[in-house]
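Colleague: Contents of target14.tsv (TSV, C-alpha atoms):
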chain	number	residue	atom	x	y	z
T	238	MET	CA	-23.96	-3.15	45.28
T	239	LYS	CA	-23.72	-4.15	41.62
T	240	LYS	CA	-24.12	-7.80	40.77
T	241	PRO	CA	-20.75	-9.48	39.99
T	242	LEU	CA	-22.32	-11.44	37.14
T	243	LEU	CA	-24.75	-10.34	34.47
T	244	ALA	CA	-27.63	-12.42	33.18
T	245	VAL	CA	-28.76	-12.44	29.56
T	246	LYS	CA	-31.53	-9.96	30.36
T	247	ASP	CA	-28.95	-7.63	31.91
T	248	ILE	CA	-26.77	-7.77	28.77
T	249	VAL	CA	-29.83	-7.11	26.63
T	250	GLN	CA	-30.77	-4.10	28.76
T	251	ILE	CA	-27.24	-2.67	28.71
T	252	THR	CA	-26.35	-3.16	25.03
T	253	GLY	CA	-29.69	-3.31	23.23
T	254	ILE	CA	-28.90	-6.56	21.38
T	255	THR	CA	-31.36	-9.43	21.53
T	256	ALA	CA	-31.18	-12.60	23.60
T	257	ARG	CA	-31.30	-14.58	20.34
T	258	THR	CA	-28.12	-12.82	19.18
T	259	LEU	CA	-26.35	-13.69	22.43
T	260	HIS	CA	-27.40	-17.31	22.09
T	261	TYR	CA	-26.16	-17.36	18.48
T	262	TYR	CA	-22.78	-15.86	19.44
T	263	ASP	CA	-22.47	-18.56	22.07
T	264	ARG	CA	-23.34	-21.29	19.58
T	265	ILE	CA	-20.64	-20.18	17.09
T	266	ASP	CA	-18.08	-19.72	19.90
T	267	LEU	CA	-17.73	-15.99	19.28
T	268	PHE	CA	-18.92	-14.84	22.70
T	269	LYS	CA	-19.29	-17.46	25.42
T	270	PRO	CA	-20.84	-16.92	28.85
T	271	THR	CA	-18.48	-16.77	31.79
T	272	HIS	CA	-20.59	-19.24	33.77
T	273	LEU	CA	-23.56	-21.54	33.35
T	274	THR	CA	-25.89	-22.09	36.28
T	275	GLU	CA	-27.15	-25.55	37.22
T	276	LYS	CA	-30.32	-24.73	35.32
T	277	GLY	CA	-28.31	-23.74	32.21
T	278	TYR	CA	-28.70	-19.97	32.51
T	279	ARG	CA	-25.88	-17.95	30.93
T	280	LEU	CA	-23.98	-15.51	33.14
T	281	TYR	CA	-21.34	-12.98	32.12
T	282	ASP	CA	-18.72	-11.09	34.12
T	283	ARG	CA	-17.90	-7.41	33.60
T	284	SER	CA	-14.84	-8.13	31.42
T	285	SER	CA	-17.06	-10.18	29.10
T	286	LEU	CA	-19.19	-7.09	28.56
T	287	GLU	CA	-16.13	-5.23	27.28
T	288	LYS	CA	-15.43	-8.04	24.82
T	289	LEU	CA	-19.03	-7.97	23.60
T	290	GLN	CA	-18.86	-4.21	23.08
T	291	THR	CA	-15.70	-4.72	20.97
T	292	ILE	CA	-17.56	-7.30	18.89
T	293	LEU	CA	-20.45	-4.90	18.37
T	294	ILE	CA	-18.09	-2.11	17.30
T	295	LEU	CA	-16.30	-4.37	14.82
T	296	LYS	CA	-19.65	-5.53	13.45
T	297	GLU	CA	-20.70	-1.91	12.99
T	298	LEU	CA	-17.44	-1.36	11.08
T	299	ASP	CA	-18.73	-3.97	8.63
T	300	PHE	CA	-16.55	-6.92	9.56
T	301	SER	CA	-18.11	-10.36	9.23
T	302	LEU	CA	-18.51	-12.50	12.35
T	303	LYS	CA	-15.76	-14.81	11.11
T	304	GLU	CA	-13.44	-11.83	10.60
T	305	ILE	CA	-14.30	-10.56	14.08
T	306	ALA	CA	-13.45	-13.94	15.63
T	307	ASP	CA	-10.04	-13.82	13.90
T	308	ILE	CA	-9.42	-10.19	14.90
T	309	LEU	CA	-10.10	-10.91	18.57
T	310	LYS	CA	-7.21	-13.38	18.57
T	311	LEU	CA	-4.71	-10.72	17.46
T	312	THR	CA	-2.62	-8.26	19.43
T	313	ARG	CA	-3.85	-4.67	19.70
T	314	GLN	CA	-1.17	-3.54	17.25
T	315	GLU	CA	-2.24	-6.16	14.72
T	316	GLN	CA	-5.87	-5.16	15.22
T	317	ASN	CA	-5.00	-1.52	14.56
T	318	GLN	CA	-3.36	-2.43	11.25
T	319	ILE	CA	-6.51	-4.24	10.13
T	320	LEU	CA	-8.69	-1.36	11.29
T	321	MET	CA	-6.68	1.14	9.24
T	322	LYS	CA	-7.11	-1.04	6.15
T	323	GLN	CA	-10.83	-1.22	6.88
T	324	ARG	CA	-10.91	2.55	7.12
T	325	GLN	CA	-9.61	2.80	3.54
T	326	THR	CA	-12.23	0.28	2.42
T	327	LEU	CA	-15.00	2.27	4.10
T	328	LEU	CA	-13.72	5.53	2.58
T	329	ALA	CA	-13.87	3.96	-0.89
T	330	ARG	CA	-17.38	2.70	-0.17
T	331	LYS	CA	-18.39	6.16	1.07
T	332	GLN	CA	-17.13	7.71	-2.18
T	333	ARG	CA	-19.02	5.13	-4.22
T	334	LEU	CA	-22.23	5.83	-2.28
T	335	GLU	CA	-21.77	9.57	-2.79
T	336	ASN	CA	-21.38	8.97	-6.54
T	337	ILE	CA	-24.52	6.85	-6.55
T	338	MET	CA	-26.47	9.53	-4.65
T	339	THR	CA	-25.27	12.20	-7.10
T	340	ALA	CA	-26.29	10.01	-10.04
T	341	LEU	CA	-29.67	9.37	-8.41
T	342	ASP	CA	-30.31	13.09	-7.94
T	343	GLU	CA	-29.28	13.79	-11.54
T	344	TYR	CA	-31.50	11.02	-12.89
T	345	VAL	CA	-34.51	12.22	-10.89
T	346	SER	CA	-33.90	15.78	-12.13
T	347	GLY	CA	-34.04	14.58	-15.75
T	348	THR	CA	-30.44	13.85	-16.77
T	349	ASP	CA	-30.28	11.15	-19.43
T	350	ILE	CA	-29.19	7.76	-18.14
T	351	SER	CA	-26.25	7.64	-20.58
T	352	ASN	CA	-24.73	10.71	-18.89
T	353	LEU	CA	-24.80	9.29	-15.37
T	354	GLN	CA	-21.42	8.53	-13.80
T	355	ILE	CA	-22.83	5.64	-11.81
T	356	PHE	CA	-20.48	2.88	-13.02
T	357	ASN	CA	-17.20	4.76	-12.53
T	358	SER	CA	-16.21	2.70	-9.49
T	359	SER	CA	-17.70	-0.55	-10.74
T	360	SER	CA	-16.63	-3.48	-12.90
T	361	VAL	CA	-19.66	-2.67	-15.06
T	362	LEU	CA	-18.74	-0.56	-18.08
T	363	PRO	CA	-20.09	3.03	-18.30
T	364	LEU	CA	-23.30	3.21	-20.31
T	365	LYS	CA	-21.74	5.23	-23.14
T	366	GLU	CA	-19.11	2.53	-23.50
T	367	GLN	CA	-21.83	-0.13	-23.42
T	368	TYR	CA	-23.68	1.68	-26.22
T	369	SER	CA	-20.46	1.91	-28.22
T	370	ASN	CA	-19.80	-1.81	-27.78
T	371	GLU	CA	-23.39	-2.60	-28.73
T	372	ALA	CA	-23.11	-0.56	-31.92
T	373	LYS	CA	-19.82	-2.23	-32.78
T	374	PHE	CA	-21.37	-5.65	-32.17
T	375	ILE	CA	-24.30	-4.92	-34.48
T	376	TYR	CA	-22.71	-2.73	-37.16
T	377	GLY	CA	-19.00	-3.42	-36.77
T	378	GLU	CA	-18.64	-5.24	-40.11
T	379	THR	CA	-20.29	-2.52	-42.19
T	380	GLU	CA	-18.20	-0.03	-44.15
T	381	THR	CA	-20.11	2.88	-42.64
T	382	TYR	CA	-19.29	1.82	-39.10
T	383	LYS	CA	-15.63	1.23	-39.99
T	384	GLU	CA	-15.50	4.75	-41.42
T	385	PHE	CA	-17.14	6.13	-38.28
T	386	ASP	CA	-14.75	4.20	-36.02
T	387	GLU	CA	-11.66	5.34	-37.93
T	388	THR	CA	-12.79	8.96	-37.82
T	389	LEU	CA	-13.49	8.75	-34.09
T	390	GLU	CA	-10.10	7.17	-33.40
T	391	SER	CA	-8.33	9.99	-35.26
T	392	LEU	CA	-9.86	12.70	-33.06
T	393	SER	CA	-8.34	14.00	-29.86
T	394	PRO	CA	-10.51	13.91	-26.71
T	395	ASP	CA	-11.07	17.68	-27.02
T	396	GLU	CA	-12.12	17.34	-30.65
T	397	LYS	CA	-14.54	14.54	-29.79
T	398	GLU	CA	-16.05	16.60	-26.99
T	399	GLU	CA	-16.38	19.64	-29.26
T	400	ARG	CA	-18.23	17.67	-31.94
T	401	PHE	CA	-20.54	15.97	-29.49
T	402	GLN	CA	-21.33	19.32	-27.86
T	403	SER	CA	-22.09	20.75	-31.30
T	404	MET	CA	-24.55	17.92	-31.91
T	405	GLU	CA	-26.16	18.45	-28.51
T	406	GLU	CA	-26.59	22.13	-29.27
T	407	ILE	CA	-28.47	21.23	-32.46
T	408	TYR	CA	-30.79	18.94	-30.47
T	409	LYS	CA	-31.50	21.78	-28.06
T	410	GLN	CA	-32.33	24.13	-30.92
T	411	ILE	CA	-34.62	21.53	-32.51
T	412	ALA	CA	-36.35	21.11	-29.14
T	413	TYR	CA	-37.15	24.84	-29.18
T	414	CYS	CA	-38.88	24.31	-32.54
T	415	ILE	CA	-40.96	21.32	-31.52
T	416	HIS	CA	-44.23	23.22	-31.86
T	417	GLN	CA	-43.47	24.01	-35.51
T	418	ASP	CA	-44.22	21.75	-38.43
T	419	PRO	CA	-41.36	19.26	-39.01
T	420	SER	CA	-41.23	20.45	-42.63
T	421	SER	CA	-40.81	24.12	-41.69
T	422	ASP	CA	-37.77	25.98	-43.01
T	423	GLU	CA	-36.34	26.50	-39.51
T	424	VAL	CA	-36.61	22.83	-38.55
T	425	GLN	CA	-35.23	21.63	-41.88
T	426	ARG	CA	-32.30	24.04	-41.60
T	427	LEU	CA	-31.44	22.45	-38.25
T	428	ILE	CA	-31.78	18.96	-39.73
T	429	GLU	CA	-29.28	19.98	-42.42
T	430	GLU	CA	-26.89	21.13	-39.69
T	431	TRP	CA	-27.43	17.80	-37.94
T	432	LYS	CA	-26.60	15.95	-41.17
T	433	GLU	CA	-23.45	18.03	-41.69
T	434	ASN	CA	-22.27	17.14	-38.19
T	435	LEU	CA	-23.04	13.49	-38.82
T	436	MET	CA	-21.17	13.58	-42.14
T	437	GLN	CA	-18.01	14.56	-40.27
T	438	PHE	CA	-18.01	11.04	-38.86
T	439	MET	CA	-19.34	8.97	-41.75
T	440	THR	CA	-20.98	9.04	-45.16
T	441	CYS	CA	-24.75	9.13	-44.75
T	442	ASP	CA	-27.15	8.12	-47.51
T	443	ALA	CA	-30.94	8.19	-47.30
T	444	GLU	CA	-31.10	4.60	-46.12
T	445	LEU	CA	-28.74	5.21	-43.21
T	446	LEU	CA	-30.52	8.43	-42.23
T	447	ALA	CA	-33.84	6.57	-42.22
T	448	CYS	CA	-32.28	3.87	-40.01
T	449	ILE	CA	-31.04	6.52	-37.57
T	450	ALA	CA	-34.46	8.22	-37.53
T	451	HIS	CA	-36.13	4.87	-36.86
T	452	THR	CA	-33.75	4.24	-33.95
T	453	TYR	CA	-34.50	7.66	-32.46
T	454	LYS	CA	-38.23	6.94	-32.55
T	455	PHE	CA	-38.41	3.31	-31.46
T	456	ASP	CA	-35.42	2.74	-29.15
T	457	ALA	CA	-36.52	3.61	-25.61
T	458	ARG	CA	-32.99	4.60	-24.64
T	459	PHE	CA	-32.86	7.27	-27.34
T	460	LYS	CA	-36.28	8.53	-26.29
T	461	SER	CA	-34.94	8.86	-22.75
T	462	TYR	CA	-31.80	10.59	-24.04
T	463	PHE	CA	-33.79	13.22	-25.93
T	464	ASN	CA	-36.07	13.83	-22.94
T	465	GLN	CA	-33.27	15.76	-21.27
T	466	TYR	CA	-33.63	18.51	-23.86
T	467	GLY	CA	-37.04	19.42	-22.55
T	468	ASN	CA	-39.80	17.47	-24.29
T	469	GLU	CA	-40.75	13.81	-24.21
T	470	ASP	CA	-41.98	14.04	-27.82
T	471	LEU	CA	-38.61	15.17	-29.21
T	472	ALA	CA	-37.61	11.71	-30.47
T	473	ASP	CA	-40.84	11.42	-32.48
T	474	PHE	CA	-40.42	14.98	-33.76
T	475	LEU	CA	-36.84	14.24	-34.89
T	476	TYR	CA	-38.04	11.13	-36.70
T	477	SER	CA	-40.67	13.11	-38.59
T	478	ALA	CA	-38.24	15.93	-39.42
T	479	ILE	CA	-35.53	13.56	-40.68
T	480	MET	CA	-37.98	11.55	-42.77
T	481	GLN	CA	-39.35	14.81	-44.20
T	482	ASN	CA	-35.80	15.80	-45.14
T	483	ILE	CA	-35.16	12.46	-46.84
T	484	ASN	CA	-38.35	12.65	-48.85
T	485	GLN	CA	-37.80	16.20	-50.11
Is it possible to give me this structure as C-alpha coordinates?
Modeller:
Amino acid sequence: MKKPLLAVKDIVQITGITARTLHYYDRIDLFKPTHLTEKGYRLYDRSSLEKLQTILILKELDFSLKEIADILKLTRQEQNQILMKQRQTLLARKQRLENIMTALDEYVSGTDISNLQIFNSSSVLPLKEQYSNEAKFIYGETETYKEFDETLESLSPDEKEERFQSMEEIYKQIAYCIHQDPSSDEVQRLIEEWKENLMQFMTCDAELLACIAHTYKFDARFKSYFNQYGNEDLADFLYSAIMQNINQ
(Lines of atoms letter the chains of each structure in order from A and count residues from 1; the text may use other names and numbers.)
(Lines give C-alpha, C1' and ligand atoms only; values in the text may rest on other atoms or scores of the structure.)
Protein backbone atom coordinates (compact mmCIF):
# COMPACT_ATOMS: atom_id res chain seq x y z
CA MET A 1 0.00 0.00 0.00
CA LYS A 2 1.49 3.30 -1.12
CA LYS A 3 1.70 6.09 1.40
CA PRO A 4 -1.02 8.75 0.85
CA LEU A 5 1.45 11.53 1.62
CA LEU A 6 5.04 11.98 0.54
CA ALA A 7 7.81 13.32 2.73
CA VAL A 8 10.60 15.55 1.46
CA LYS A 9 12.92 12.56 1.16
CA ASP A 10 10.31 10.79 -0.97
CA ILE A 11 10.04 13.78 -3.33
CA VAL A 12 13.82 13.93 -3.56
CA GLN A 13 14.00 10.23 -4.39
CA ILE A 14 11.26 10.45 -7.03
CA THR A 15 12.30 13.65 -8.83
CA GLY A 16 16.01 14.00 -8.16
CA ILE A 17 15.78 17.60 -6.94
CA THR A 18 17.34 18.56 -3.62
CA ALA A 19 15.65 19.15 -0.28
CA ARG A 20 17.10 22.67 -0.31
CA THR A 21 15.26 23.37 -3.59
CA LEU A 22 11.98 22.16 -2.11
CA HIS A 23 12.48 24.37 0.93
CA TYR A 24 13.25 27.34 -1.33
CA TYR A 25 10.13 26.76 -3.46
CA ASP A 26 8.11 26.69 -0.25
CA ARG A 27 9.70 29.92 0.98
CA ILE A 28 8.84 31.82 -2.24
CA ASP A 29 5.31 30.33 -2.32
CA LEU A 30 5.91 28.51 -5.61
CA PHE A 31 5.36 24.99 -4.30
CA LYS A 32 3.89 24.61 -0.83
CA PRO A 33 3.55 21.34 1.10
CA THR A 34 0.08 19.88 1.41
CA HIS A 35 0.49 19.39 5.16
CA LEU A 36 2.86 20.22 7.98
CA THR A 37 3.26 17.77 10.82
CA GLU A 38 3.31 18.90 14.46
CA LYS A 39 7.09 18.75 14.27
CA GLY A 40 7.12 20.95 11.14
CA TYR A 41 7.89 18.24 8.59
CA ARG A 42 6.61 18.95 5.07
CA LEU A 43 4.26 16.43 3.48
CA TYR A 44 2.93 16.37 -0.08
CA ASP A 45 -0.01 14.57 -1.67
CA ARG A 46 0.12 12.87 -5.07
CA SER A 47 -1.48 15.82 -6.91
CA SER A 48 1.26 18.08 -5.52
CA LEU A 49 3.82 15.84 -7.21
CA GLU A 50 2.16 16.52 -10.57
CA LYS A 51 2.39 20.27 -9.93
CA LEU A 52 6.06 19.97 -9.03
CA GLN A 53 6.77 18.02 -12.22
CA THR A 54 5.08 20.81 -14.22
CA ILE A 55 7.31 23.35 -12.47
CA LEU A 56 10.40 21.31 -13.31
CA ILE A 57 9.37 21.04 -16.96
CA LEU A 58 8.76 24.78 -17.22
CA LYS A 59 12.11 25.46 -15.56
CA GLU A 60 13.80 23.17 -18.09
CA LEU A 61 12.09 25.19 -20.84
CA ASP A 62 14.03 28.18 -19.50
CA PHE A 63 11.25 30.06 -17.75
CA SER A 64 12.21 31.98 -14.62
CA LEU A 65 10.63 31.00 -11.31
CA LYS A 66 8.57 34.19 -11.34
CA GLU A 67 7.32 33.38 -14.85
CA ILE A 68 6.48 29.85 -13.75
CA ALA A 69 4.45 31.14 -10.79
CA ASP A 70 2.45 33.35 -13.20
CA ILE A 71 1.99 30.54 -15.73
CA LEU A 72 0.59 28.18 -13.10
CA LYS A 73 -2.24 30.63 -12.47
CA LEU A 74 -3.38 30.51 -16.11
CA THR A 75 -5.78 28.20 -17.91
CA ARG A 76 -4.31 25.36 -19.97
CA GLN A 77 -5.17 27.22 -23.18
CA GLU A 78 -3.38 30.34 -21.98
CA GLN A 79 -0.40 28.23 -20.92
CA ASN A 80 -0.24 26.67 -24.38
CA GLN A 81 -0.09 30.10 -26.01
CA ILE A 82 2.87 31.07 -23.83
CA LEU A 83 4.57 27.75 -24.51
CA MET A 84 4.30 28.24 -28.27
CA LYS A 85 5.89 31.68 -27.94
CA GLN A 86 8.64 30.13 -25.84
CA ARG A 87 9.17 27.55 -28.56
CA GLN A 88 9.92 30.34 -31.05
CA THR A 89 12.32 31.91 -28.56
CA LEU A 90 14.13 28.61 -28.05
CA LEU A 91 14.32 28.03 -31.82
CA ALA A 92 15.97 31.44 -32.26
CA ARG A 93 18.37 30.64 -29.44
CA LYS A 94 19.14 27.26 -31.03
CA GLN A 95 19.97 28.97 -34.33
CA ARG A 96 22.20 31.47 -32.55
CA LEU A 97 24.05 28.66 -30.75
CA GLU A 98 24.49 26.80 -34.04
CA ASN A 99 25.97 29.96 -35.58
CA ILE A 100 28.31 30.34 -32.62
CA MET A 101 29.42 26.69 -32.89
CA THR A 102 30.05 27.12 -36.63
CA ALA A 103 32.07 30.27 -35.96
CA LEU A 104 34.02 28.48 -33.23
CA ASP A 105 34.89 25.59 -35.55
CA GLU A 106 35.95 28.03 -38.28
CA TYR A 107 38.09 30.05 -35.87
CA VAL A 108 39.82 26.94 -34.51
CA SER A 109 40.48 25.76 -38.09
CA GLY A 110 42.24 29.05 -38.88
CA THR A 111 39.60 31.35 -40.38
CA ASP A 112 40.40 34.99 -39.69
CA ILE A 113 38.29 36.55 -36.96
CA SER A 114 37.01 39.27 -39.33
CA ASN A 115 35.34 36.60 -41.49
CA LEU A 116 33.40 34.97 -38.66
CA GLN A 117 29.62 35.39 -38.78
CA ILE A 118 29.36 35.37 -35.00
CA PHE A 119 27.55 38.69 -34.50
CA ASN A 120 24.82 38.18 -37.11
CA SER A 121 22.11 37.63 -34.49
CA SER A 122 23.51 40.10 -31.98
CA SER A 123 23.24 43.82 -31.28
CA VAL A 124 27.03 43.90 -31.64
CA LEU A 125 28.11 45.00 -35.11
CA PRO A 126 29.92 42.47 -37.36
CA LEU A 127 33.69 42.79 -37.10
CA LYS A 128 34.12 44.01 -40.68
CA GLU A 129 31.65 46.79 -39.94
CA GLN A 130 33.50 47.57 -36.71
CA TYR A 131 36.77 47.84 -38.65
CA SER A 132 35.09 50.12 -41.19
CA ASN A 133 33.73 52.36 -38.44
CA GLU A 134 37.13 52.42 -36.75
CA ALA A 135 38.83 53.49 -39.98
CA LYS A 136 36.22 56.18 -40.55
CA PHE A 137 36.69 57.42 -36.98
CA ILE A 138 40.46 57.69 -37.41
CA TYR A 139 40.81 58.71 -41.06
CA GLY A 140 37.36 60.01 -41.94
CA GLU A 141 38.47 63.64 -42.34
CA THR A 142 41.35 62.90 -44.71
CA GLU A 143 40.95 63.36 -48.46
CA THR A 144 42.25 59.86 -49.11
CA TYR A 145 39.60 58.26 -46.94
CA LYS A 146 36.86 60.40 -48.50
CA GLU A 147 38.03 59.24 -51.92
CA PHE A 148 38.03 55.62 -50.73
CA ASP A 149 34.56 55.98 -49.19
CA GLU A 150 33.09 57.57 -52.32
CA THR A 151 34.55 54.85 -54.53
CA LEU A 152 33.22 52.12 -52.25
CA GLU A 153 29.75 53.67 -52.18
CA SER A 154 29.64 53.77 -55.98
CA LEU A 155 30.23 50.02 -56.31
CA SER A 156 27.53 47.39 -56.39
CA PRO A 157 27.75 44.53 -53.85
CA ASP A 158 28.97 42.20 -56.63
CA GLU A 159 31.65 44.67 -57.69
CA LYS A 160 32.83 45.08 -54.10
CA GLU A 161 33.01 41.32 -53.65
CA GLU A 162 34.91 40.92 -56.92
CA ARG A 163 37.54 43.49 -55.94
CA PHE A 164 37.98 42.11 -52.45
CA GLN A 165 38.35 38.59 -53.86
CA SER A 166 40.96 39.90 -56.30
CA MET A 167 42.92 41.36 -53.39
CA GLU A 168 42.64 38.11 -51.44
CA GLU A 169 43.96 36.19 -54.42
CA ILE A 170 47.03 38.44 -54.48
CA TYR A 171 47.63 37.76 -50.77
CA LYS A 172 47.45 34.03 -51.45
CA GLN A 173 49.98 34.32 -54.27
CA ILE A 174 52.32 36.38 -52.08
CA ALA A 175 52.00 33.72 -49.38
CA TYR A 176 53.28 31.14 -51.88
CA CYS A 177 56.38 33.33 -52.38
CA ILE A 178 57.16 33.86 -48.71
CA HIS A 179 60.40 31.88 -48.91
CA GLN A 180 61.72 34.21 -51.62
CA ASP A 181 63.49 37.48 -51.00
CA PRO A 182 60.97 40.36 -50.63
CA SER A 183 62.89 42.21 -53.35
CA SER A 184 62.63 39.36 -55.86
CA ASP A 185 61.01 40.06 -59.22
CA GLU A 186 58.10 37.69 -58.53
CA VAL A 187 57.27 39.25 -55.16
CA GLN A 188 57.60 42.79 -56.46
CA ARG A 189 55.35 41.97 -59.42
CA LEU A 190 52.68 40.87 -56.95
CA ILE A 191 53.17 44.02 -54.88
CA GLU A 192 52.58 46.06 -58.04
CA GLU A 193 49.34 44.13 -58.61
CA TRP A 194 48.40 44.82 -55.00
CA LYS A 195 49.05 48.55 -55.52
CA GLU A 196 46.96 48.57 -58.71
CA ASN A 197 44.04 47.02 -56.84
CA LEU A 198 44.45 49.53 -54.04
CA MET A 199 44.57 52.42 -56.53
CA GLN A 200 41.09 51.44 -57.73
CA PHE A 201 39.83 52.67 -54.37
CA MET A 202 42.10 55.61 -53.63
CA THR A 203 45.23 57.49 -54.64
CA CYS A 204 48.24 55.98 -52.88
CA ASP A 205 51.50 57.83 -52.43
CA ALA A 206 54.63 56.46 -50.76
CA GLU A 207 53.61 57.84 -47.38
CA LEU A 208 50.23 56.12 -47.44
CA LEU A 209 51.74 52.84 -48.64
CA ALA A 210 54.26 52.98 -45.79
CA CYS A 211 51.40 53.59 -43.34
CA ILE A 212 49.52 50.57 -44.69
CA ALA A 213 52.66 48.41 -44.49
CA HIS A 214 53.22 49.54 -40.91
CA THR A 215 49.62 48.60 -40.03
CA TYR A 216 50.04 45.15 -41.58
CA LYS A 217 53.14 44.52 -39.47
CA PHE A 218 52.17 45.98 -36.10
CA ASP A 219 48.38 45.63 -35.83
CA ALA A 220 47.65 42.21 -34.29
CA ARG A 221 44.31 42.00 -36.09
CA PHE A 222 45.99 42.27 -39.49
CA LYS A 223 48.56 39.67 -38.46
CA SER A 224 45.67 37.36 -37.56
CA TYR A 225 43.93 38.15 -40.86
CA PHE A 226 46.99 37.22 -42.92
CA ASN A 227 47.50 34.00 -40.94
CA GLN A 228 44.58 32.46 -42.80
CA TYR A 229 46.63 32.45 -46.00
CA GLY A 230 49.00 29.90 -44.58
CA ASN A 231 51.91 31.50 -42.76
CA GLU A 232 52.11 33.47 -39.53
CA ASP A 233 55.01 35.51 -40.94
CA LEU A 234 53.04 36.82 -43.93
CA ALA A 235 52.30 40.22 -42.34
CA ASP A 236 56.01 40.83 -41.71
CA PHE A 237 56.85 39.62 -45.22
CA LEU A 238 54.28 42.00 -46.75
CA TYR A 239 55.73 44.87 -44.75
CA SER A 240 59.22 44.15 -46.05
CA ALA A 241 58.02 43.71 -49.64
CA ILE A 242 55.99 46.95 -49.62
CA MET A 243 58.82 48.94 -48.06
CA GLN A 244 61.21 47.48 -50.64
CA ASN A 245 58.84 48.61 -53.38
CA ILE A 246 58.63 52.13 -51.95
CA ASN A 247 62.39 52.45 -51.70
CA GLN A 248 63.12 51.28 -55.25
Colleague: In Å, how far is it from CA of Gly253 in chain T to CA of Gln323 in chain T?
Modeller: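 Those two atoms sit 25.0 Å apart.
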Colleague: If you count all atoms listed in the file, which residues fall within 12 Å of range 480-485 of chain T, apart from same-chain ones fewer than 6 positions away, as a list in words?
Modeller: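 Selected residues are Asp418, Pro419, Ser420, Ser421, Asp422, Val424, Gln425, Arg426, Leu427, Ile428, Glu429, Glu430, Trp431, Lys432, Cys441, Asp442, Ala443, Glu444, Leu445, Leu446, Ala447, Cys448, Ile449, Ala450, His451, Tyr453, Lys454, Asp473 and Phe474 of chain T.
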Colleague: Neighbours of range 276-278 of chain T within 9 Å (all atoms listed in the file; same-chain residues fewer than 4 positions away dropped), as a CSV table (one decimal) with C-alpha atoms, keeping the file's coordinate frame?
Modeller:
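Now in part00.csv:
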chain,number,residue,atom,x,y,z
T,244,ALA,CA,-27.6,-12.4,33.2
T,245,VAL,CA,-28.8,-12.4,29.6
T,272,HIS,CA,-20.6,-19.2,33.8
Colleague: Work out how far apart CA of Ile319 in chain T and CA of Leu289 in chain T are and give it in Å to one decimal.
Modeller: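 A separation of 18.8 Å between them.
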Colleague: Fewer than 6 positions away in the same chain doesn't count, so skip those; otherwise give me all residues within 12 Å of Lys269 in chain T, counting only C-alpha atoms, as a PyMOL selection string.
Modeller: chain T and resi 245+258-263+279-282+284-286+288-289+306
Colleague: Distance CA of Glu343 in chain T-CA of Gln465 in chain T, one decimal place?
Modeller: 10.7 Å
Colleague: Please determine, counting only C-alpha atoms, which residue among T:Phe401, T:Tyr476, T:Tyr466, T:Phe300 has the shortest atom-to-atom distance to Thr452 in chain T.
Modeller: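 Comparing T:Phe401, T:Tyr476, T:Tyr466, T:Phe300 against Thr452 in chain T, the winner is T:Tyr476.
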Colleague: Could you give me, as a ChimeraX atom specification, the residues that sit within 12 Å of (-9.1, -0.9, 12.4) in the file's coordinates, counting all atoms listed in the file?
Modeller: /T:291,294-300,304-305,308-309,311,313-327
Colleague: If the box runs along x, y and z of the file and leaves 8 Å on each side of range 272-278 of chain T, what are its centre and edge lengths in Å, one decimal, as AutoDock Vina command-line options?
Modeller:
--center_x -25.5 --center_y -22.4 --center_z 34.7 --size_x 25.7 --size_y 22.3 --size_z 21.0
